[in-house]
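S.K.: Coordinates in input-v8.cif, mmCIF, C-alpha atoms, are listed below.
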```
data_data
#
loop_
_atom_site.label_atom_id
_atom_site.label_comp_id
_atom_site.auth_asym_id
_atom_site.auth_seq_id
_atom_site.Cartn_x
_atom_site.Cartn_y
_atom_site.Cartn_z
CA MET A 43 53.30 -10.30 -40.36
CA ALA A 44 51.98 -7.19 -38.70
CA ALA A 45 50.24 -7.73 -35.39
CA SER A 46 46.47 -7.34 -35.64
CA THR A 47 45.00 -4.35 -33.90
CA ILE A 48 41.68 -4.25 -32.07
CA ASP A 49 39.23 -1.68 -33.33
CA PRO A 50 38.48 0.74 -30.43
CA VAL A 51 34.75 0.64 -31.22
CA SER A 52 34.74 -3.16 -30.98
CA ALA A 53 36.66 -3.00 -27.71
CA ASN A 54 34.21 -0.46 -26.29
CA ILE A 55 31.14 -2.53 -27.27
CA ASP A 56 32.72 -5.72 -25.89
CA GLU A 57 33.36 -3.93 -22.59
CA GLU A 58 29.75 -2.72 -22.39
CA LEU A 59 28.47 -6.22 -23.19
CA GLY A 60 30.53 -7.52 -20.28
CA LEU A 61 28.84 -5.04 -17.96
CA LEU A 62 25.33 -5.76 -19.24
CA SER A 63 22.70 -6.21 -16.54
CA PRO A 64 20.60 -9.41 -16.39
CA ALA A 65 17.51 -9.73 -18.53
CA ILE A 66 14.68 -7.72 -16.96
CA LEU A 67 12.54 -10.85 -16.45
CA ASP A 68 15.22 -12.34 -14.19
CA CYS A 69 15.15 -9.29 -11.92
CA CYS A 70 12.91 -8.65 -8.93
CA ILE A 71 14.44 -5.55 -7.30
CA PHE A 72 14.11 -2.34 -9.27
CA LYS A 73 14.72 1.37 -9.10
CA VAL A 74 11.48 3.28 -9.59
CA HIS A 75 11.40 4.90 -13.02
CA ARG A 76 11.63 8.68 -13.34
CA GLN A 77 8.05 9.35 -14.43
CA LEU A 78 6.64 7.65 -11.34
CA ARG A 79 9.37 8.84 -9.03
CA LYS A 80 9.17 12.55 -9.81
CA ILE A 81 5.70 12.91 -8.21
CA ASN A 82 7.19 12.27 -4.76
CA GLU A 83 10.83 11.22 -4.82
CA GLN A 84 11.15 10.96 -1.03
CA ALA A 85 8.49 8.25 -0.94
CA TYR A 86 10.93 5.81 -2.57
CA GLU A 87 14.12 6.66 -0.68
CA PRO A 88 15.18 5.35 2.77
CA THR A 89 15.36 7.75 5.68
CA ILE A 90 17.57 5.94 8.18
CA ILE A 91 18.79 2.59 6.78
CA SER A 92 20.00 1.16 3.49
CA ILE A 93 19.22 -2.45 2.62
CA GLY A 94 20.91 -3.92 -0.44
CA PRO A 95 23.24 -2.10 -2.85
CA TYR A 96 21.13 0.69 -4.38
CA HIS A 97 21.40 3.15 -1.46
CA HIS A 98 24.53 1.73 0.12
CA GLY A 99 27.10 4.39 0.96
CA ASN A 100 24.59 7.20 1.39
CA ASP A 101 26.07 9.52 4.03
CA LYS A 102 22.75 10.18 5.77
CA LEU A 103 22.33 6.44 6.37
CA ARG A 104 25.75 5.72 7.89
CA LEU A 105 24.57 5.74 11.51
CA MET A 106 22.62 2.49 11.05
CA GLU A 107 25.68 0.77 9.56
CA GLU A 108 27.19 0.73 13.04
CA HIS A 109 23.95 -0.71 14.43
CA LYS A 110 24.12 -3.53 11.88
CA LEU A 111 27.58 -4.42 13.17
CA ARG A 112 26.29 -4.28 16.74
CA TYR A 113 23.50 -6.76 15.91
CA LEU A 114 26.02 -9.09 14.26
CA HIS A 115 28.31 -8.88 17.29
CA LEU A 116 25.44 -9.75 19.65
CA LEU A 117 24.45 -12.69 17.44
CA LEU A 118 27.98 -14.10 17.51
CA GLN A 119 28.15 -13.69 21.29
CA ARG A 120 24.83 -15.45 21.75
CA ARG A 121 25.93 -18.36 19.57
CA ASN A 122 29.43 -18.54 21.11
CA GLU A 123 31.05 -17.90 17.72
CA THR A 124 34.31 -16.01 17.37
CA ASN A 125 34.25 -15.07 13.68
CA VAL A 126 32.00 -14.72 10.65
CA ASP A 127 33.84 -17.14 8.36
CA ARG A 128 30.97 -19.56 7.74
CA TYR A 129 28.53 -16.74 7.04
CA VAL A 130 30.89 -15.14 4.53
CA ILE A 131 31.33 -18.47 2.73
CA SER A 132 27.57 -18.96 2.57
CA MET A 133 26.91 -15.45 1.25
CA ARG A 134 29.72 -15.80 -1.29
CA ASN A 135 28.00 -18.90 -2.67
CA LEU A 136 24.87 -16.79 -3.28
CA VAL A 137 26.47 -13.58 -4.54
CA LYS A 138 26.16 -14.23 -8.29
CA ARG A 139 22.53 -15.28 -7.91
CA ALA A 140 21.84 -12.21 -5.77
CA ARG A 141 23.48 -9.88 -8.29
CA ARG A 142 21.08 -11.12 -10.99
CA CYS A 143 18.10 -9.99 -8.88
CA TYR A 144 18.92 -6.29 -9.33
CA ALA A 145 17.66 -4.63 -12.49
CA GLU A 146 20.00 -1.64 -12.25
CA PRO A 147 23.75 -2.12 -12.73
CA ILE A 148 25.63 -2.59 -9.45
CA ASN A 149 29.00 -3.22 -11.07
CA ILE A 150 30.60 -0.51 -8.94
CA LEU A 151 30.37 -3.04 -6.11
CA ASP A 152 32.70 -6.02 -6.46
CA ASP A 153 31.71 -9.40 -5.06
CA ASP A 154 33.51 -8.79 -1.75
CA LYS A 155 31.55 -5.60 -1.09
CA LEU A 156 28.27 -7.20 -2.11
CA VAL A 157 28.93 -10.21 0.15
CA LYS A 158 29.51 -7.85 3.07
CA ILE A 159 26.25 -6.01 2.35
CA MET A 160 24.34 -9.29 2.12
CA LEU A 161 25.80 -10.55 5.40
CA LEU A 162 25.27 -7.38 7.47
CA ASP A 163 21.82 -6.57 6.06
CA GLY A 164 20.60 -10.16 6.29
CA CYS A 165 21.80 -10.46 9.88
CA PHE A 166 20.23 -7.14 10.84
CA ILE A 167 16.80 -8.09 9.44
CA ILE A 168 16.75 -11.49 11.15
CA GLU A 169 17.91 -10.11 14.49
CA LEU A 170 15.35 -7.30 14.26
CA PHE A 171 12.49 -9.74 13.69
CA ARG A 172 13.59 -11.98 16.56
CA ARG A 173 14.03 -9.09 18.99
CA ALA A 174 10.54 -7.87 18.17
CA ALA A 175 9.01 -11.35 18.55
CA TYR A 176 10.75 -12.85 21.59
CA GLU A 177 10.49 -11.21 24.98
CA ALA A 178 13.73 -12.84 26.13
CA MET A 179 15.60 -10.88 23.44
CA HIS A 180 14.07 -7.48 24.29
CA ASP A 181 16.74 -4.88 24.99
CA SER A 182 15.65 -1.70 26.74
CA THR A 183 18.80 0.06 25.56
CA ASP A 184 18.17 -0.62 21.86
CA PRO A 185 17.13 2.73 20.33
CA ILE A 186 15.02 0.97 17.68
CA PHE A 187 12.63 -0.26 20.37
CA LYS A 188 13.21 2.58 22.80
CA MET A 189 12.18 5.40 20.44
CA PRO A 190 8.83 4.81 18.66
CA TRP A 191 9.59 7.18 15.77
CA LEU A 192 12.75 5.22 14.94
CA GLY A 193 10.91 1.89 14.85
CA SER A 194 8.16 3.30 12.63
CA THR A 195 10.63 4.91 10.22
CA LEU A 196 12.59 1.67 10.06
CA MET A 197 9.48 -0.27 9.05
CA ILE A 198 8.73 1.92 6.05
CA ASP A 199 12.42 1.87 5.02
CA LEU A 200 12.33 -1.94 4.98
CA LEU A 201 9.31 -1.86 2.65
CA LEU A 202 10.73 0.37 -0.08
CA LEU A 203 11.02 -1.28 -3.50
CA GLU A 204 14.58 -0.03 -3.96
CA ASN A 205 15.67 -1.02 -0.44
CA GLN A 206 15.49 -4.81 -0.63
CA LEU A 207 17.58 -7.95 -0.30
CA PRO A 208 16.61 -11.09 -2.23
CA PHE A 209 14.46 -13.18 0.09
CA PHE A 210 16.65 -16.26 -0.38
CA VAL A 211 19.58 -14.33 1.16
CA ILE A 212 17.55 -13.51 4.27
CA GLU A 213 16.26 -17.08 4.37
CA GLU A 214 19.78 -18.52 4.16
CA PHE A 215 20.99 -16.42 7.08
CA PHE A 216 17.88 -17.34 9.07
CA ASN A 217 18.44 -21.07 8.51
CA MET A 218 22.07 -20.76 9.54
CA THR A 219 21.13 -19.14 12.86
CA LYS A 220 17.85 -20.92 13.54
CA TYR A 221 17.00 -22.00 17.08
CA GLN A 222 15.13 -25.13 18.06
CA ASN A 223 11.92 -23.29 18.95
CA ASP A 224 12.22 -20.58 16.31
CA GLU A 225 9.11 -19.63 14.40
CA SER A 226 9.33 -19.67 10.63
CA LEU A 227 10.93 -16.70 8.88
CA ILE A 228 7.67 -15.81 7.15
CA SER A 229 5.77 -15.87 10.45
CA LEU A 230 8.36 -13.60 12.10
CA ALA A 231 8.26 -11.14 9.20
CA ILE A 232 4.46 -11.05 9.07
CA ALA A 233 4.27 -10.51 12.84
CA TYR A 234 6.78 -7.65 12.68
CA PHE A 235 4.84 -5.71 10.02
CA ASP A 236 1.33 -6.69 11.15
CA GLY A 237 -0.80 -3.60 11.68
CA PHE A 238 1.60 -1.33 9.81
CA CYS A 239 -0.36 1.57 8.27
CA GLY A 240 -3.53 -0.06 9.56
CA THR A 241 -3.16 -3.17 7.37
CA LYS A 242 -2.96 -6.74 8.57
CA HIS A 243 -2.29 -10.07 6.93
CA VAL A 244 -5.43 -11.78 5.71
CA GLU A 245 -6.61 -14.77 7.72
CA GLY A 246 -6.72 -17.86 5.54
CA VAL A 247 -3.73 -16.95 3.37
CA LYS A 248 -1.28 -19.85 3.47
CA LEU A 249 1.83 -17.84 4.18
CA GLU A 250 4.17 -20.81 4.32
CA SER A 251 3.19 -21.83 0.78
CA ILE A 252 3.86 -18.44 -0.78
CA ASP A 253 6.29 -19.32 -3.55
CA LYS A 254 6.30 -15.94 -5.25
CA VAL A 255 8.11 -14.13 -2.45
CA THR A 256 11.22 -12.43 -3.80
CA HIS A 257 11.80 -9.88 -1.01
CA LEU A 258 10.15 -8.42 2.10
CA LEU A 259 7.95 -5.96 0.22
CA GLY A 260 6.66 -8.83 -1.91
CA LEU A 261 5.92 -10.90 1.20
CA ILE A 262 3.90 -8.12 2.83
CA TYR A 263 2.14 -7.49 -0.48
CA TYR A 264 0.96 -11.09 -0.87
CA SER A 265 0.01 -11.40 2.80
CA ARG A 266 -2.49 -8.52 2.38
CA LEU A 267 -4.29 -9.84 -0.70
CA PRO A 268 -7.90 -11.08 -0.54
CA THR A 269 -8.46 -14.82 -0.39
CA LEU A 270 -10.82 -14.68 -3.38
CA ALA A 271 -8.61 -14.37 -6.41
CA THR A 272 -11.05 -12.54 -8.67
CA MET A 273 -14.28 -10.60 -8.71
CA LYS A 274 -16.47 -11.79 -11.57
CA LYS A 275 -18.21 -9.23 -13.73
CA GLU A 276 -21.85 -9.83 -14.57
CA ASN A 277 -22.60 -10.61 -18.20
CA GLY A 278 -23.48 -7.54 -20.21
CA MET A 279 -21.74 -5.12 -17.85
CA LYS A 280 -19.36 -2.58 -19.33
CA PHE A 281 -15.78 -2.25 -18.17
CA THR A 282 -15.41 0.98 -16.21
CA ARG A 283 -13.04 2.73 -13.82
CA SER A 284 -15.16 5.72 -12.88
CA ILE A 285 -17.75 6.57 -10.23
CA SER A 286 -18.93 9.84 -8.71
CA PRO A 287 -17.28 11.19 -5.53
CA ALA A 288 -18.69 10.35 -2.11
CA THR A 289 -20.70 13.56 -1.63
CA GLU A 290 -22.49 13.04 -4.97
CA LEU A 291 -23.17 9.37 -4.20
CA ILE A 292 -24.88 10.48 -0.99
CA GLU A 293 -27.05 12.85 -3.04
CA ALA A 294 -27.98 9.94 -5.30
CA GLY A 295 -29.34 8.03 -2.31
CA ILE A 296 -26.33 5.80 -1.66
CA SER A 297 -25.42 5.31 1.99
CA PHE A 298 -22.03 4.33 3.44
CA GLU A 299 -21.36 1.71 6.05
CA LYS A 300 -18.14 0.67 7.76
CA ASP A 301 -17.31 -3.01 7.31
CA SER A 302 -14.87 -4.17 9.97
CA GLU A 303 -14.60 -7.74 8.69
CA GLY A 304 -12.04 -9.01 6.20
CA CYS A 305 -9.20 -7.23 4.43
CA ILE A 306 -9.20 -3.68 3.10
CA PHE A 307 -9.98 -4.86 -0.44
CA ASN A 308 -13.34 -6.37 0.48
CA LEU A 309 -15.63 -3.58 -0.70
CA ASN A 310 -19.29 -4.37 -1.23
CA PHE A 311 -22.27 -2.57 -2.75
CA THR A 312 -25.74 -4.04 -2.13
CA ASN A 313 -29.19 -2.44 -2.05
CA GLY A 314 -27.83 1.09 -2.19
CA VAL A 315 -25.33 0.55 0.64
CA LEU A 316 -21.59 0.81 -0.02
CA LYS A 317 -19.63 -1.08 2.62
CA ILE A 318 -15.96 -0.14 3.02
CA PRO A 319 -13.47 -1.58 5.53
CA PRO A 320 -11.84 1.22 7.56
CA LEU A 321 -8.55 2.65 6.31
CA GLU A 322 -6.02 4.25 8.64
CA ILE A 323 -4.05 7.10 7.07
CA ASN A 324 -0.88 8.37 8.72
CA ASP A 325 2.48 9.87 7.75
CA ASP A 326 3.72 6.57 6.22
CA THR A 327 0.62 5.71 4.19
CA GLU A 328 1.59 7.52 1.00
CA SER A 329 5.06 5.96 0.86
CA PHE A 330 3.61 2.52 1.67
CA PHE A 331 0.99 2.72 -1.08
CA ARG A 332 3.42 4.21 -3.61
CA ASN A 333 5.89 1.36 -3.17
CA LEU A 334 3.17 -1.30 -3.35
CA ILE A 335 1.86 0.30 -6.55
CA ALA A 336 5.40 0.48 -7.95
CA TYR A 337 5.83 -3.21 -7.11
CA GLU A 338 2.71 -4.00 -9.13
CA GLN A 339 3.98 -1.87 -12.03
CA TYR A 340 7.14 -3.97 -12.27
CA ASP A 341 5.66 -7.43 -11.67
CA GLY A 342 4.28 -8.84 -14.90
CA TYR A 343 2.73 -11.99 -13.44
CA MET A 344 -0.17 -10.56 -11.41
CA HIS A 345 -3.80 -11.28 -12.28
CA HIS A 346 -4.93 -8.04 -10.66
CA ASN A 347 -3.17 -4.87 -9.59
CA TYR A 348 -4.93 -4.91 -6.24
CA PHE A 349 -3.36 -1.86 -4.62
CA THR A 350 -3.42 0.18 -7.82
CA ASP A 351 -7.14 -0.58 -8.22
CA TYR A 352 -7.82 0.06 -4.51
CA VAL A 353 -6.16 3.48 -4.62
CA LEU A 354 -8.04 4.27 -7.84
CA PHE A 355 -11.30 3.47 -6.02
CA PHE A 356 -10.49 6.06 -3.35
CA ASP A 357 -9.24 8.50 -5.98
CA CYS A 358 -12.69 8.33 -7.60
CA LEU A 359 -14.45 8.52 -4.24
CA ILE A 360 -12.43 11.53 -3.08
CA ASN A 361 -12.56 14.65 -5.19
CA SER A 362 -12.28 17.28 -2.46
CA PRO A 363 -11.78 17.67 1.31
CA LYS A 364 -15.59 17.47 1.66
CA ASP A 365 -15.47 13.85 0.47
CA VAL A 366 -12.72 13.07 2.99
CA LYS A 367 -14.74 14.67 5.78
CA LEU A 368 -17.78 12.59 4.84
CA LEU A 369 -15.79 9.33 4.79
CA CYS A 370 -14.22 10.17 8.15
CA GLN A 371 -17.65 10.85 9.66
CA GLU A 372 -18.90 7.52 8.35
CA GLY A 373 -15.89 5.67 9.80
CA MET A 374 -14.34 4.63 6.48
CA ILE A 375 -11.19 6.71 7.03
CA SER A 376 -9.24 7.22 10.23
CA ASN A 377 -7.39 10.48 9.67
CA HIS A 378 -4.08 10.65 11.55
CA LEU A 379 -2.81 13.45 9.33
CA GLY A 380 -5.36 15.85 10.78
CA ASP A 381 -5.96 17.59 7.45
CA ASP A 382 -8.73 16.54 5.07
CA LYS A 383 -7.11 18.45 2.21
CA ALA A 384 -3.83 16.55 2.66
CA ILE A 385 -5.65 13.22 2.26
CA SER A 386 -7.56 14.52 -0.76
CA ASN A 387 -4.33 15.66 -2.42
CA MET A 388 -2.61 12.38 -1.58
CA PHE A 389 -5.20 10.18 -3.30
CA ASN A 390 -5.52 12.52 -6.27
CA LYS A 391 -1.74 12.28 -6.89
CA LEU A 392 -1.11 8.61 -6.10
CA GLU A 393 -2.38 7.50 -9.51
CA GLU A 394 -0.36 9.98 -11.57
CA ASN A 395 1.84 8.30 -14.22
CA VAL A 396 0.56 4.85 -13.18
CA ILE A 397 -0.13 2.44 -16.06
CA TYR A 398 -3.37 0.48 -15.74
CA ASP A 399 -4.20 -3.01 -16.91
CA ASN A 400 -6.83 -2.40 -19.59
CA GLU A 401 -8.22 -5.92 -19.33
CA SER A 402 -8.60 -6.23 -15.58
CA PHE A 403 -10.02 -4.03 -12.85
CA TYR A 404 -10.77 -5.56 -9.48
CA TYR A 405 -13.75 -3.30 -8.71
CA SER A 406 -15.34 -3.23 -12.15
CA HIS A 407 -18.46 -5.04 -10.92
CA ILE A 408 -18.94 -2.64 -7.99
CA PHE A 409 -18.39 0.41 -10.18
CA GLU A 410 -20.91 -0.76 -12.76
CA THR A 411 -23.48 -1.54 -10.09
CA ILE A 412 -23.04 1.88 -8.49
CA ASN A 413 -23.30 3.66 -11.84
CA LYS A 414 -26.39 1.63 -12.71
CA HIS A 415 -27.96 2.66 -9.39
CA CYS A 416 -27.13 6.34 -9.94
CA GLY A 417 -28.44 6.19 -13.51
CA ARG A 418 -31.99 5.28 -12.53
CA ASN A 419 -34.42 8.13 -13.20
CA TRP A 420 -35.65 8.43 -9.61
CA ASN A 421 -32.12 8.47 -8.19
CA LYS A 422 -31.05 11.05 -10.81
CA TYR A 423 -34.03 13.22 -9.88
CA LEU A 424 -33.24 12.80 -6.17
CA ALA A 425 -29.58 13.70 -6.70
CA ASN A 426 -30.52 16.77 -8.74
CA LEU A 427 -33.00 17.88 -6.06
CA ARG A 428 -30.48 17.49 -3.24
CA HIS A 429 -27.68 19.14 -5.20
CA ASN A 430 -29.63 22.15 -6.41
CA TYR A 431 -32.08 22.74 -3.58
CA PHE A 432 -30.72 21.11 -0.44
CA ASN A 433 -26.98 21.71 -0.77
CA ASN A 434 -26.71 23.93 2.34
CA PRO A 435 -28.54 24.53 5.65
CA TRP A 436 -30.14 27.76 4.39
CA SER A 437 -31.73 25.95 1.46
CA VAL A 438 -33.13 23.32 3.80
CA ALA A 439 -34.38 26.04 6.18
CA SER A 440 -36.02 27.93 3.32
CA PHE A 441 -37.68 24.75 2.08
CA LEU A 442 -38.99 23.90 5.54
CA ALA A 443 -40.26 27.45 6.00
CA ALA A 444 -42.01 27.34 2.63
CA LEU A 445 -43.42 23.90 3.41
CA SER A 446 -44.67 25.12 6.80
CA LEU A 447 -46.29 28.14 5.17
CA LEU A 448 -47.90 25.89 2.56
CA LEU A 449 -49.23 23.53 5.23
CA LEU A 450 -50.58 26.42 7.32
CA THR A 451 -52.25 27.93 4.25
CA THR A 452 -53.73 24.55 3.36
CA ILE A 453 -55.05 24.05 6.88
CA GLN A 454 -56.47 27.56 6.97
CA THR A 455 -58.18 27.00 3.62
CA LEU A 456 -59.53 23.67 4.82
CA PHE A 457 -60.98 25.19 7.99
CA SER A 458 -62.49 28.04 5.97
CA PHE A 459 -64.08 25.55 3.60
CA LEU A 460 -65.45 23.44 6.47
CA SER A 461 -66.85 26.55 8.16
CA TYR A 462 -68.50 27.67 4.93
CA ALA A 463 -69.90 24.19 4.33
CA LYS A 464 -71.26 24.07 7.87
CA GLN A 465 -73.05 27.44 7.42
CA CYS A 466 -74.52 26.33 4.13
CA ALA A 467 -75.85 23.20 5.77
CA LYS A 468 -77.92 25.20 8.30
CA PRO A 469 -81.70 25.51 7.45
#
```
Could I get this structure in the form of structure tokens?
M.R.:
Amino acid sequence: MAASTIDPVSANIDEELGLLSPAILDCCIFKVHRQLRKINEQAYEPTIISIGPYHHGNDKLRLMEEHKLRYLHLLLQRRNETNVDRYVISMRNLVKRARRCYAEPINILDDDKLVKIMLLDGCFIIELFRRAAYEAMHDSTDPIFKMPWLGSTLMIDLLLLENQLPFFVIEEFFNMTKYQNDESLISLAIAYFDGFCGTKHVEGVKLESIDKVTHLLGLIYYSRLPTLATMKKENGMKFTRSISPATELIEAGISFEKDSEGCIFNLNFTNGVLKIPPLEINDDTESFFRNLIAYEQYDGYMHHNYFTDYVLFFDCLINSPKDVKLLCQEGMISNHLGDDKAISNMFNKLEENVIYDNESFYYSHIFETINKHCGRNWNKYLANLRHNYFNNPWSVASFLAALSLLLLTTIQTLFSFLSYAKQCAKP
């Protein structure tokens, strides 16, 4: 009987099935899709360090690989350990679970290579957090803490969607090296990133009970969210995502006020006053926002896309450098870029190729209230008057001159009339 032969097409399909990535719903670490990425590719790629498998092996990131080994060596010395055997065993027990967290195929890395990445990257992150938190572990020779630019660049690299380790890997390494008086891992991570790009964790958020944390970017995301889960729309109000830019809102009689309390999402519009918490904008802001928005685009379990909606709010509010200048003068924006046009361009491009949730918008109530205010006849008349007749200093000067002339003419006429009346009254 002739031996059966395997059809080459069947063999090829079977091979591809064996290399198939996990179902997308099981994944939590993604590569940003091309349509979103092409707007600013550098915003999603690490500058000095790779974390996880996606950017591992990049030549420009090799310098920090040696620093990871140095941190591991110092950890072993501090714990009087002579080898990494127990850490390798622990990471090997997690490697299959970790592999399922990545949406893109990482089959080019066998389990041994992935275990090494998990061990070195997990150790580096934990040691970094501890060195930043505990004075006794401060090292004046460590370039990460010696050179401010390096520390800042490292922070944004650790918050890139593509540059993540599963949180349970970091947590496992933390538990294996935990000290008696160690703070919790979540507390150390929050403290390390607190104040980054002018954002802070929201008081009242129960960080220890966050069960949705899948990686560091996710942790920082949830720590910044408002404590109130939703913003109810008033009955009868239409769903809208559009308001006029800041300079036009001023013309319509709306005033701006800086609100220093609460998180950045806590915008409020009452009695013609729009209160906005201050936003600090620096060189890392665009990358930070882009990765938070990308995180929302890939997470299908969120009730609101908070950062997407927040950036859309500023995109509506800022239509030109004049709007940026106004918001800076009012204290809503702290401009560390030094260029109003750069901020205007940033917000106008952040929302490109972003998919919105058509059934939920966090600021719908505020937008409707603002549009209702601007739609009143008196406010429309006032906006038209300011736009057409008081849009520059010369117009104002001309109006004041004309008004002065009118008043002088009126006074002169009045005196003439009184003088005439007085003469007529004489016998």
S.K.: Select, from A:Ile81, A:Ala174, A:Ile131, A:Cys239, the residue with the minimum atom-to-atom distance to A:Asn390, counting all atoms listed in the file.
M.R.: A:Ile81
S.K.: Residues picked by the PyMOL selection byres ((chain A and resi 219) around 12) here, as a list in words?
M.R.: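 Output of the PyMOL selection byres ((chain A and resi 219) around 12): Leu114, Leu117, Leu118, Arg120, Arg121, Asn122, Glu123, Val126, Arg128, Tyr129, Gly164, Cys165, Ile168, Glu169, Arg172, Ile212, Glu213, Glu214, Phe215, Phe216, Asn217, Met218, Lys220, Tyr221, Gln222, Asn223, Asp224 and Leu227 of chain A.
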S.K.: For A:Leu259, work out the shell of residues within 10 Å, counting all atoms listed in the file and skipping chain neighbours fewer than 6 positions away, then give it as a PyMOL selection string.
M.R.: chain A and resi 71+198+200-207+209+265+330+333-334+337
S.K.: Quick one: pull the distance between atom CA of A:Arg173 and atom CA of A:His257, Å, one decimal.
M.R.: 20.1 Å
S.K.: For the PyMOL selection byres ((chain A and resi 366) around 10), applied here, can you spell out every residue it catches as a list in words?
M.R.: Pro287, Ala288, Thr289, Phe356, Leu359, Ile360, Asn361, Ser362, Pro363, Lys364, Asp365, Lys367, Leu368, Leu369, Cys370, Gln371, Glu372, Met374, Ile375, Ser376, Asn377, Asp381, Asp382, Lys383, Ala384, Ile385 and Ser386 of chain A
S.K.: Please expand the PyMOL selection byres ((chain A and resi 315) around 12) into the concrete residues it hits in this file, giving the result as an MDAnalysis selection string.
M.R.: chainID A and resid 291:292 294:301 309:314 316:318 408 411:412 415
S.K.: Quick one: distance from atom CA of A:Lys414 to atom CA of A:Gly373 in Å, one decimal?
M.R.: 25.2 Å
S.K.: Go through A:Leu261, A:Ile159, A:Ala336, A:Met197 one by one, measure the shortest atom-to-atom distance of each to A:His75 using all atoms listed in the file, and give the residue with the smallest value.
M.R.: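 Once distances to A:His75 are computed over all atoms listed in the file, the minimum belongs to A:Ala336.
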